[in-house]
$ cat query.txt   # compact mmCIF, C-alpha atoms
# COMPACT_ATOMS: atom_id res chain seq x y z
CA MET A 1 -57.84 188.96 -88.13
CA ALA A 2 -58.38 192.21 -89.99
CA ASP A 3 -55.29 194.33 -90.67
CA SER A 4 -56.76 197.22 -88.65
CA GLU A 5 -57.23 194.97 -85.60
CA TYR A 6 -53.71 193.61 -86.02
CA GLN A 7 -52.32 197.18 -86.08
CA ASP A 8 -54.49 198.27 -83.13
CA ILE A 9 -53.18 195.39 -81.04
CA ARG A 10 -49.60 196.10 -82.14
CA GLN A 11 -49.93 199.69 -80.88
CA LEU A 12 -50.78 198.63 -77.32
CA ASN A 13 -47.93 199.44 -74.91
CA LEU A 14 -47.64 195.72 -74.19
CA PHE A 15 -46.71 194.90 -77.78
CA SER A 16 -45.39 198.15 -79.23
CA GLN A 17 -41.68 197.72 -78.44
CA MET A 18 -41.31 193.99 -79.01
CA ALA A 19 -39.45 192.60 -82.02
CA ASP A 20 -41.56 192.31 -85.17
CA GLU A 21 -40.79 188.60 -85.55
CA HIS A 22 -41.92 187.90 -81.97
CA PHE A 23 -45.17 189.81 -82.49
CA ALA A 24 -45.73 187.84 -85.70
CA VAL A 25 -45.28 184.56 -83.78
CA LEU A 26 -47.89 185.64 -81.21
CA MET A 27 -50.38 186.69 -83.87
CA ARG A 28 -49.85 183.60 -86.02
CA ALA A 29 -51.46 181.40 -83.35
CA ALA A 30 -54.00 184.02 -82.23
CA TYR A 31 -57.55 184.21 -83.46
CA VAL A 32 -60.40 186.68 -83.10
CA GLN A 33 -63.84 185.64 -82.01
CA ASN A 34 -67.15 187.47 -81.64
CA PHE A 35 -69.13 186.90 -78.44
CA PRO A 36 -72.69 187.98 -77.68
CA ALA A 37 -73.59 189.85 -74.50
CA GLN A 38 -73.57 188.00 -71.18
CA VAL A 39 -71.24 185.18 -72.23
CA GLU A 40 -68.87 183.96 -69.51
CA LEU A 41 -65.44 183.93 -71.13
CA ILE A 42 -63.40 182.65 -68.22
CA THR A 43 -64.20 181.20 -64.83
CA GLU A 44 -62.37 181.87 -61.61
CA GLY A 45 -60.16 178.93 -60.63
CA GLU A 46 -59.70 177.53 -64.15
CA PRO A 47 -56.29 177.46 -65.87
CA SER A 48 -55.30 180.36 -68.10
CA ASP A 49 -55.34 179.18 -71.71
CA PHE A 50 -55.27 182.56 -73.46
CA LEU A 51 -54.30 186.17 -73.09
CA HIS A 52 -57.43 188.09 -74.05
CA VAL A 53 -57.31 191.33 -76.05
CA LEU A 54 -60.60 193.18 -76.16
CA VAL A 55 -60.94 194.69 -79.64
CA SER A 56 -64.53 195.95 -79.32
CA GLY A 57 -67.35 195.79 -76.79
CA SER A 58 -66.86 195.58 -73.03
CA VAL A 59 -66.07 192.89 -70.48
CA ASP A 60 -66.88 192.68 -66.77
CA LEU A 61 -64.22 191.13 -64.53
CA PHE A 62 -65.97 189.76 -61.47
CA SER A 63 -65.51 187.47 -58.51
CA GLU A 64 -67.83 185.38 -56.38
CA TRP A 65 -67.49 184.62 -52.69
CA ASN A 66 -69.88 183.41 -50.04
CA GLY A 67 -72.84 183.51 -52.43
CA ARG A 68 -72.17 187.08 -53.53
CA GLU A 69 -70.79 188.49 -56.74
CA THR A 70 -68.68 191.64 -57.07
CA SER A 71 -67.60 193.44 -60.20
CA MET A 72 -63.87 194.13 -59.99
CA ALA A 73 -63.38 196.10 -63.23
CA THR A 74 -64.86 196.86 -66.60
CA VAL A 75 -62.50 196.35 -69.52
CA ARG A 76 -62.85 198.59 -72.58
CA PRO A 77 -61.14 198.43 -76.00
CA ILE A 78 -58.42 198.11 -76.88
CA SER A 79 -56.87 196.40 -73.88
CA THR A 80 -55.75 193.08 -72.50
CA PHE A 81 -57.10 191.23 -69.52
CA ILE A 82 -55.97 188.30 -67.37
CA LEU A 83 -52.29 189.00 -68.07
CA ALA A 84 -50.97 187.86 -64.68
CA ALA A 85 -52.54 184.39 -64.93
CA THR A 86 -51.15 184.02 -68.44
CA VAL A 87 -47.60 184.96 -67.44
CA ARG A 88 -47.61 182.82 -64.29
CA ASP A 89 -49.30 179.81 -65.94
CA ALA A 90 -51.76 180.05 -63.07
CA CYS A 91 -55.48 179.79 -62.54
CA TYR A 92 -57.73 182.78 -63.09
CA LEU A 93 -58.38 184.78 -59.92
CA MET A 94 -61.51 186.36 -61.43
CA SER A 95 -64.19 185.46 -63.93
CA ALA A 96 -64.99 187.50 -67.02
CA ARG A 97 -68.15 187.97 -69.08
CA THR A 98 -69.14 190.17 -71.96
CA LEU A 99 -71.40 193.10 -71.14
CA GLU A 100 -72.31 193.65 -74.77
CA LYS A 101 -71.43 192.09 -78.10
CA SER A 102 -67.64 191.93 -78.03
CA ARG A 103 -64.79 191.05 -80.35
CA ILE A 104 -61.83 189.44 -78.60
CA ALA A 105 -58.43 188.29 -79.82
CA LEU A 106 -57.24 185.15 -78.05
CA ILE A 107 -53.48 184.61 -77.84
CA PRO A 108 -52.35 181.22 -76.49
CA SER A 109 -50.78 181.62 -73.05
CA GLN A 110 -47.90 179.26 -73.80
CA ASP A 111 -46.90 181.49 -76.73
CA VAL A 112 -46.99 184.58 -74.51
CA ARG A 113 -44.70 182.86 -71.99
CA ALA A 114 -42.30 181.71 -74.72
CA ILE A 115 -41.99 185.22 -76.17
CA PHE A 116 -41.65 186.65 -72.64
CA ASP A 117 -38.49 184.53 -72.30
CA ALA A 118 -37.20 185.51 -75.75
CA ASP A 119 -37.96 189.24 -75.97
CA GLY A 120 -36.64 191.59 -73.28
CA ASN A 121 -38.74 194.54 -74.45
CA PHE A 122 -41.90 192.44 -74.23
CA ALA A 123 -40.92 191.18 -70.77
CA ARG A 124 -40.36 194.76 -69.55
CA ALA A 125 -43.69 195.84 -71.04
CA ILE A 126 -45.44 193.01 -69.17
CA VAL A 127 -43.81 194.04 -65.90
CA ALA A 128 -44.82 197.67 -66.49
CA GLU A 129 -48.42 196.67 -67.31
CA LEU A 130 -48.72 194.47 -64.24
CA ALA A 131 -47.22 197.21 -62.05
CA GLN A 132 -49.72 199.73 -63.43
CA CYS A 133 -52.60 197.34 -62.78
CA TYR A 134 -51.41 196.84 -59.21
CA ARG A 135 -51.06 200.59 -58.65
CA SER A 136 -54.54 201.29 -60.01
CA ILE A 137 -56.03 198.75 -57.60
CA VAL A 138 -54.19 200.18 -54.60

$ encode --input "query.txt" --output "structure tokens"
Amino acid sequence: MADSEYQDIRQLNLFSQMADEHFAVLMRAAYVQNFPAQVELITEGEPSDFLHVLVSGSVDLFSEWNGRETSMATVRPISTFILAATVRDACYLMSARTLEKSRIALIPSQDVRAIFDADGNFARAIVAELAQCYRSIV
């Protein structure tokens, strides 16, 4: 991962107040991957393997029901998506696909949960992020 991407991710509210050593642990196992447009990254109902951090490009979060598809949100850089499934070790409630060429950092979900237990500032930042997401939906 490029130093600039590392610093951009570090500056996100989710990671900005956590201990440096905990952030280093998360980034040690993370990797960045480029995806072309229209690639399905995650599928509704599958287990959450990674916390996704969109570094560049855009991602559509969508859901299917009764033969119809609905876009739930468009994710823009630099931001995370699918945080709740990662924290809860649960299945994805939505699917996600790239809308254009996108660069995404993938942080293993089990590492996110381990640091959640170890770092109070990170845990509070997760709660704040999830609360904000909920409020924006309502």

$ axis_aligned_box --input "query.txt" --around "range 74-85 of chain A" --padding-each-side "8 Å" --output "lines of an AutoDock Vina configuration file"
center_x = -57.9
center_y = 191.5
center_z = -70.8
size_x = 29.9
size_y = 30.2
size_z = 28.2

$ closest_atom_pairs --input "query.txt" --of "range 15-46 of chain A" --to "range 97-102 of chain A" --cutoff "10 Å" --atoms "all atoms listed in the file" --output "CSV"
residue,atom,partner,partner_atom,distance
A:Gln33,CA,A:Ser102,CA,8.4
A:Asn34,CA,A:Ser102,CA,5.8
A:Phe35,CA,A:Ser102,CA,5.3
A:Pro36,CA,A:Lys101,CA,4.3
A:Ala37,CA,A:Glu100,CA,4.0
A:Gln38,CA,A:Thr98,CA,5.0
A:Val39,CA,A:Arg97,CA,5.2
A:Glu40,CA,A:Arg97,CA,4.1
A:Leu41,CA,A:Arg97,CA,5.3
A:Ile42,CA,A:Arg97,CA,7.2
A:Thr43,CA,A:Arg97,CA,8.9

$ residues_around --input "query.txt" --residues "Phe15 in chain A" --least-positions-apart "3" --cutoff "12 Å" --atoms "all atoms listed in the file" --output "VMD selection string"
chain A and resid 6 to 12 18 to 24 26 to 27 53 79 to 80 112 115 to 116 119 to 126 128 to 129

$ atom_distance --input "query.txt" --atom1 "CA of Asp117 in chain A" --atom2 "CA of Arg103 in chain A"
28.3 Å

$ atom_distance --input "query.txt" --atom1 "CA of Glu5 in chain A" --atom2 "CA of Met72 in chain A"
26.5 Å

$ closest_residue --input "query.txt" --among "A:Cys133, A:Ile104, A:Glu69, A:Thr74" --to "Ser56 in chain A" --atoms "all atoms listed in the file"
A:Ile104

$ residues_around --input "query.txt" --residues "Glu64 in chain A" --least-positions-apart "6" --cutoff "10 Å" --atoms "only C-alpha atoms" --output "ChimeraX atom specification"
/A:44,70-71,94-95

$ closest_residue --input "query.txt" --among "A:Arg68, A:Val55, A:Gln17, A:Arg88" --to "Arg113 in chain A" --atoms "all atoms listed in the file"
A:Arg88

$ residues_near_point --input "query.txt" --point "(-55.6, 180.0, -63.8)" --cutoff "8 Å" --atoms "all atoms listed in the file" --output "PyMOL selection string"
chain A and resi 44-49+85-86+89-93

$ atom_distance --input "query.txt" --atom1 "CA of Ala2 in chain A" --atom2 "CA of Asp60 in chain A"
24.7 Å

$ closest_residue --input "query.txt" --among "A:Ser16, A:Asn66, A:Ser109, A:Ser58" --to "Ile82 in chain A" --atoms "only C-alpha atoms"
A:Ser109

$ closest_residue --input "query.txt" --among "A:Gly67, A:Asn13, A:Leu61, A:Leu106" --to "Ala29 in chain A" --atoms "all atoms listed in the file"
A:Leu106

$ decode --input "query.txt" --residues "range 20-39 of chain A" --atoms "N, CA and C atoms" --output "short mmCIF file (atom, residue, chain, number, x, y, z; two decimals), in the first residue's frame"
data_model
loop_
_atom_site.label_atom_id
_atom_site.label_comp_id
_atom_site.auth_asym_id
_atom_site.auth_seq_id
_atom_site.Cartn_x
_atom_site.Cartn_y
_atom_site.Cartn_z
N ASP A 20 -1.53 3.83 17.66
CA ASP A 20 -0.70 3.59 16.48
C ASP A 20 -0.39 2.11 16.28
N GLU A 21 -0.09 1.41 17.38
CA GLU A 21 0.25 -0.02 17.24
C GLU A 21 -0.94 -0.85 16.78
N HIS A 22 -2.16 -0.46 17.17
CA HIS A 22 -3.35 -1.18 16.72
C HIS A 22 -3.62 -0.91 15.24
N PHE A 23 -3.43 0.34 14.83
CA PHE A 23 -3.59 0.65 13.41
C PHE A 23 -2.57 -0.12 12.58
N ALA A 24 -1.35 -0.21 13.07
CA ALA A 24 -0.30 -0.95 12.35
C ALA A 24 -0.67 -2.42 12.21
N VAL A 25 -1.26 -3.00 13.25
CA VAL A 25 -1.70 -4.41 13.17
C VAL A 25 -2.76 -4.57 12.09
N LEU A 26 -3.74 -3.66 12.04
CA LEU A 26 -4.77 -3.74 11.01
C LEU A 26 -4.18 -3.63 9.61
N MET A 27 -3.26 -2.70 9.42
CA MET A 27 -2.69 -2.47 8.10
C MET A 27 -1.68 -3.55 7.68
N ARG A 28 -1.10 -4.22 8.64
CA ARG A 28 -0.12 -5.27 8.32
C ARG A 28 -0.79 -6.40 7.53
N ALA A 29 -2.01 -6.75 7.88
CA ALA A 29 -2.72 -7.83 7.20
C ALA A 29 -3.58 -7.34 6.03
N ALA A 30 -3.72 -6.03 5.91
CA ALA A 30 -4.55 -5.46 4.84
C ALA A 30 -3.80 -5.46 3.52
N TYR A 31 -4.56 -5.44 2.45
CA TYR A 31 -3.94 -5.26 1.14
C TYR A 31 -4.88 -4.44 0.26
N VAL A 32 -4.29 -3.81 -0.75
CA VAL A 32 -5.05 -2.96 -1.66
C VAL A 32 -5.14 -3.67 -3.01
N GLN A 33 -6.34 -3.60 -3.58
CA GLN A 33 -6.55 -4.25 -4.86
C GLN A 33 -7.30 -3.31 -5.78
N ASN A 34 -6.96 -3.36 -7.07
CA ASN A 34 -7.67 -2.60 -8.10
C ASN A 34 -8.75 -3.49 -8.71
N PHE A 35 -9.93 -2.90 -8.91
CA PHE A 35 -11.05 -3.63 -9.51
C PHE A 35 -11.56 -2.83 -10.70
N PRO A 36 -11.88 -3.49 -11.80
CA PRO A 36 -12.50 -2.78 -12.92
C PRO A 36 -13.96 -2.46 -12.62
N ALA A 37 -14.57 -1.68 -13.49
CA ALA A 37 -15.99 -1.34 -13.32
C ALA A 37 -16.86 -2.58 -13.41
N GLN A 38 -17.97 -2.54 -12.69
CA GLN A 38 -19.01 -3.57 -12.73
C GLN A 38 -18.59 -4.93 -12.17
N VAL A 39 -17.66 -4.92 -11.23
CA VAL A 39 -17.25 -6.15 -10.55
C VAL A 39 -18.02 -6.25 -9.24
#
